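Structure data follow from upload00.txt (compact mmCIF, C-alpha atoms):
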```
# COMPACT_ATOMS: atom_id res chain seq x y z
CA MET A 58 85.36 108.39 90.54
CA THR A 59 86.47 108.50 94.17
CA LYS A 60 89.06 110.94 95.53
CA SER A 61 90.86 110.73 98.88
CA LYS A 62 90.37 113.34 101.56
CA PHE A 63 92.74 114.43 104.31
CA LYS A 64 90.25 114.31 107.14
CA THR A 65 92.16 111.56 108.88
CA PHE A 66 93.70 111.66 112.32
CA GLY A 67 97.08 110.29 111.18
CA PHE A 68 97.67 112.91 108.50
CA TRP A 69 96.85 115.80 110.80
CA ALA A 70 98.73 114.32 113.78
CA ILE A 71 101.93 113.98 111.75
CA SER A 72 101.45 117.48 110.33
CA ILE A 73 101.09 118.94 113.83
CA ILE A 74 104.10 117.02 115.16
CA THR A 75 106.18 118.27 112.22
CA LEU A 76 105.13 121.86 112.90
CA PHE A 77 105.88 121.33 116.60
CA GLY A 78 109.41 120.20 115.75
CA LEU A 79 109.90 123.21 113.50
CA THR A 80 108.62 125.48 116.29
CA LEU A 81 111.06 123.89 118.75
CA PHE A 82 113.93 124.51 116.37
CA LEU A 83 112.98 128.13 115.69
CA SER A 84 112.37 128.86 119.38
CA ALA A 85 116.02 128.01 120.07
CA PHE A 86 116.95 131.36 118.53
CA LEU A 87 114.99 133.42 121.07
CA ASN A 88 117.16 135.63 123.27
CA THR A 89 115.47 134.41 126.45
CA ARG A 90 116.92 130.87 126.15
CA THR A 91 119.92 129.63 128.10
CA VAL A 92 122.74 127.83 126.32
CA GLN A 93 121.56 124.47 127.62
CA GLN A 94 117.98 125.10 126.44
CA LYS A 95 119.24 126.21 123.02
CA ASN A 96 121.32 123.06 122.64
CA ILE A 97 118.38 120.81 123.54
CA LEU A 98 116.06 122.63 121.14
CA LEU A 99 118.67 122.62 118.36
CA VAL A 100 118.92 118.83 118.70
CA PHE A 101 115.29 117.78 119.24
CA GLY A 102 113.67 120.32 116.90
CA PRO A 103 115.34 119.03 113.73
CA ILE A 104 114.89 115.41 114.84
CA PHE A 105 111.11 115.88 115.15
CA THR A 106 110.97 117.83 111.91
CA LEU A 107 113.06 115.37 109.90
CA LEU A 108 111.50 112.18 111.22
CA PHE A 109 107.88 113.17 110.92
CA GLY A 110 108.30 115.62 108.05
CA SER A 111 110.01 113.03 105.88
CA GLN A 112 107.20 110.55 106.49
CA LEU A 113 104.65 113.21 105.64
CA TRP A 114 106.61 114.16 102.51
CA ARG A 115 106.84 110.54 101.38
CA ASP A 116 103.42 109.16 102.37
CA ALA A 117 100.93 112.00 101.86
CA LYS A 118 99.23 111.00 98.65
CA ILE A 119 96.03 111.94 96.90
CA ILE A 120 94.41 108.75 95.67
CA LEU A 121 91.98 108.93 92.78
CA ILE A 122 90.10 105.77 91.82
CA ASP A 123 88.71 105.98 88.31
CA THR A 124 86.13 103.22 87.98
CA LEU A 125 85.38 104.03 84.34
CA GLY A 126 89.03 104.12 83.27
CA MET A 127 89.75 101.11 85.53
CA ASN A 128 92.82 102.65 87.17
CA ILE A 129 94.11 104.10 90.43
CA ARG A 130 96.17 107.31 90.36
CA PHE A 131 98.47 108.18 93.27
CA THR A 132 99.66 111.80 93.40
CA ASN A 133 102.15 112.91 96.05
CA LEU A 134 100.71 115.90 97.89
CA PHE A 135 103.98 117.86 97.90
CA THR A 136 106.03 116.76 94.86
CA ARG A 137 102.96 116.16 92.62
CA LYS A 138 104.63 112.99 91.28
CA LYS A 139 101.95 110.74 89.76
CA THR A 140 101.80 106.97 89.62
CA ILE A 141 98.99 105.33 87.67
CA LEU A 142 98.16 101.67 88.20
CA SER A 143 95.59 99.77 86.19
CA PHE A 144 93.12 97.44 87.85
CA ASN A 145 94.58 94.79 85.53
CA ASP A 146 97.94 95.14 87.32
CA PHE A 147 96.48 93.36 90.34
CA ASP A 148 95.18 89.83 90.80
CA GLY A 149 93.09 90.78 93.81
CA PHE A 150 93.36 91.93 97.39
CA VAL A 151 93.76 90.62 100.93
CA ASP A 152 91.65 92.26 103.61
CA MET A 153 92.90 91.60 107.16
CA TYR A 154 93.37 92.98 110.64
CA GLN A 155 96.84 93.41 112.14
CA SER A 156 97.76 93.96 115.75
CA ALA A 157 100.06 96.69 117.01
CA LYS A 158 100.81 98.42 120.29
CA GLY A 159 97.71 100.60 119.99
CA GLY A 160 95.40 97.68 119.23
CA THR A 161 94.27 96.15 115.97
CA TYR A 162 93.79 97.98 112.70
CA ARG A 163 92.47 97.05 109.30
CA VAL A 164 94.84 96.63 106.36
CA ILE A 165 94.24 95.92 102.68
CA TYR A 166 97.02 94.49 100.53
CA LEU A 167 96.78 94.67 96.73
CA VAL A 168 98.17 91.43 95.27
CA ASN A 169 99.98 90.76 91.99
CA ASN A 170 101.56 87.40 91.09
CA ARG A 171 100.95 86.13 94.63
CA LYS A 172 102.97 89.00 96.13
CA PHE A 173 101.81 92.01 98.09
CA VAL A 174 102.30 95.09 95.91
CA LYS A 175 100.66 97.88 97.91
CA LYS A 176 99.57 98.13 101.54
CA TYR A 177 96.85 100.47 102.77
CA GLN A 178 95.98 101.07 106.39
CA ALA A 179 92.65 101.87 107.96
CA PHE A 180 92.49 105.55 107.03
CA ILE A 181 92.73 104.75 103.30
CA ILE A 182 90.34 101.81 103.30
CA GLN A 183 87.18 103.87 102.82
CA ILE A 184 88.67 105.09 99.55
CA LEU A 185 89.29 101.56 98.34
CA THR A 186 85.71 100.42 98.86
CA ASN A 187 84.89 101.07 95.18
CA TYR A 188 87.98 99.15 94.10
CA LYS A 189 87.02 96.14 96.22
CA THR A 190 83.52 96.21 94.77
CA LEU A 191 84.93 96.14 91.23
CA LEU A 192 87.26 93.25 92.05
CA LEU A 193 84.37 91.23 93.41
CA LEU A 194 82.33 91.67 90.20
```
Rendering of file as structure tokens:
Amino acid sequence: MTKSKFKTFGFWAISIITLFGLTLFLSAFLNTRTVQQKNILLVFGPIFTLLFGSQLWRDAKIILIDTLGMNIRFTNLFTRKKTILSFNDFDGFVDMYQSAKGGTYRVIYLVNNRKFVKKYQAFIIQILTNYKTLLLL
């Protein structure tokens, strides 16, 4: 059984940016701020918090791969909503590199009926190593 860990740069970077946005918003209520500074902080603070916080809320998942039970369980870190997918739900996987502004990064797509069902980026791929090994057997 393999369980995901939040020792990734992306998770912590988004967490810090969300906290930074919240700090901006709360600092607008300090008495030392001018009206113009308060207005800027009241606009940009919630924008940072909502944009990055919503992504963190939606995408932060604990992934548990049960090789004996032949399933993958996704649990949202905040809402605790669970989704369980069986290995039989997938025909296979596609392992590829994609390019972006920051360079290239590794992506794994889980495939079902010749369609991509789930996409996992580089920070999740170490977790899926056991799953790939099982699919190759």
Check your understanding: If you count only C-alpha atoms, which residues fall within 10 Å of A:Lys95, apart from same-chain ones fewer than 2 positions away, as a ChimeraX atom specification?
Key -> /A:81-93,97-100
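Considering all atoms listed in the file, the residue among A:Lys175, A:Ala157, A:Asp152, A:Arg163 positioned nearest to A:Phe131 is A:Lys175.
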Exercise for review: Place a sphere of radius 12 Å on (106.8, 113.6, 112.8) in the file coordinates and name every protein, DNA or RNA residue with an atom inside or on its surface, counting all atoms listed in the file; give the answer as a ChimeraX atom specification.
Suggested key: /A:67-79,101-116
Point to revise | Spatial neighbours of A:Lys118, 8 Å, all atoms listed in the file, chain gap at least 4 places, as an MDAnalysis selection string | key: chainID A and resid 131:134
Practice item. For atom CA of A:Thr161 and atom CA of A:Asp123, determine how far apart the two atoms are, in Å to one decimal place. Key: 29.9 Å
At the level of N, CA and C atoms, write stretch 157-178 of chain A to a file as a compact mmCIF listing (two decimals), in the first residue's frame, please.
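Saved the output as selection.txt:
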```txt
# COMPACT_ATOMS: atom_id res chain seq x y z
N ALA A 157 5.86 23.48 -21.03
CA ALA A 157 5.16 24.64 -20.49
C ALA A 157 6.16 25.79 -20.42
N LYS A 158 5.71 26.91 -19.90
CA LYS A 158 6.60 28.08 -19.80
C LYS A 158 7.84 27.77 -18.97
N GLY A 159 7.69 27.01 -17.92
CA GLY A 159 8.80 26.72 -17.03
C GLY A 159 9.70 25.59 -17.50
N GLY A 160 9.39 24.98 -18.62
CA GLY A 160 10.17 23.87 -19.13
C GLY A 160 9.27 22.67 -19.41
N THR A 161 9.83 21.50 -19.35
CA THR A 161 9.04 20.29 -19.57
C THR A 161 8.80 19.59 -18.24
N TYR A 162 7.68 18.91 -18.14
CA TYR A 162 7.36 18.15 -16.94
C TYR A 162 6.67 16.86 -17.33
N ARG A 163 6.82 15.89 -16.48
CA ARG A 163 6.28 14.55 -16.74
C ARG A 163 4.82 14.47 -16.33
N VAL A 164 4.03 13.79 -17.17
CA VAL A 164 2.60 13.63 -16.92
C VAL A 164 2.22 12.18 -17.19
N ILE A 165 1.35 11.64 -16.35
CA ILE A 165 0.79 10.31 -16.59
C ILE A 165 -0.73 10.47 -16.72
N TYR A 166 -1.27 9.92 -17.80
CA TYR A 166 -2.71 9.89 -18.00
C TYR A 166 -3.20 8.46 -17.79
N LEU A 167 -4.25 8.29 -17.00
CA LEU A 167 -4.89 6.98 -16.87
C LEU A 167 -5.97 6.91 -17.95
N VAL A 168 -6.01 5.80 -18.69
CA VAL A 168 -6.85 5.69 -19.88
C VAL A 168 -7.95 4.67 -19.66
N ASN A 169 -9.17 5.01 -20.11
CA ASN A 169 -10.30 4.10 -20.09
C ASN A 169 -11.09 4.31 -21.38
N ASN A 170 -11.34 3.24 -22.12
CA ASN A 170 -12.06 3.30 -23.39
C ASN A 170 -11.45 4.32 -24.34
N ARG A 171 -10.12 4.31 -24.43
CA ARG A 171 -9.36 5.17 -25.33
C ARG A 171 -9.53 6.66 -25.03
N LYS A 172 -9.91 6.99 -23.81
CA LYS A 172 -10.04 8.38 -23.38
C LYS A 172 -9.23 8.59 -22.11
N PHE A 173 -8.66 9.78 -21.97
CA PHE A 173 -7.94 10.11 -20.75
C PHE A 173 -8.95 10.36 -19.64
N VAL A 174 -8.81 9.63 -18.54
CA VAL A 174 -9.73 9.75 -17.41
C VAL A 174 -9.15 10.63 -16.32
N LYS A 175 -7.91 10.40 -15.96
CA LYS A 175 -7.23 11.16 -14.91
C LYS A 175 -5.86 11.60 -15.40
N LYS A 176 -5.43 12.77 -14.95
CA LYS A 176 -4.12 13.30 -15.31
C LYS A 176 -3.35 13.58 -14.04
N TYR A 177 -2.10 13.12 -14.00
CA TYR A 177 -1.26 13.35 -12.83
C TYR A 177 0.05 13.97 -13.27
N GLN A 178 0.44 15.04 -12.60
CA GLN A 178 1.67 15.73 -12.96
C GLN A 178 2.83 15.18 -12.15
```
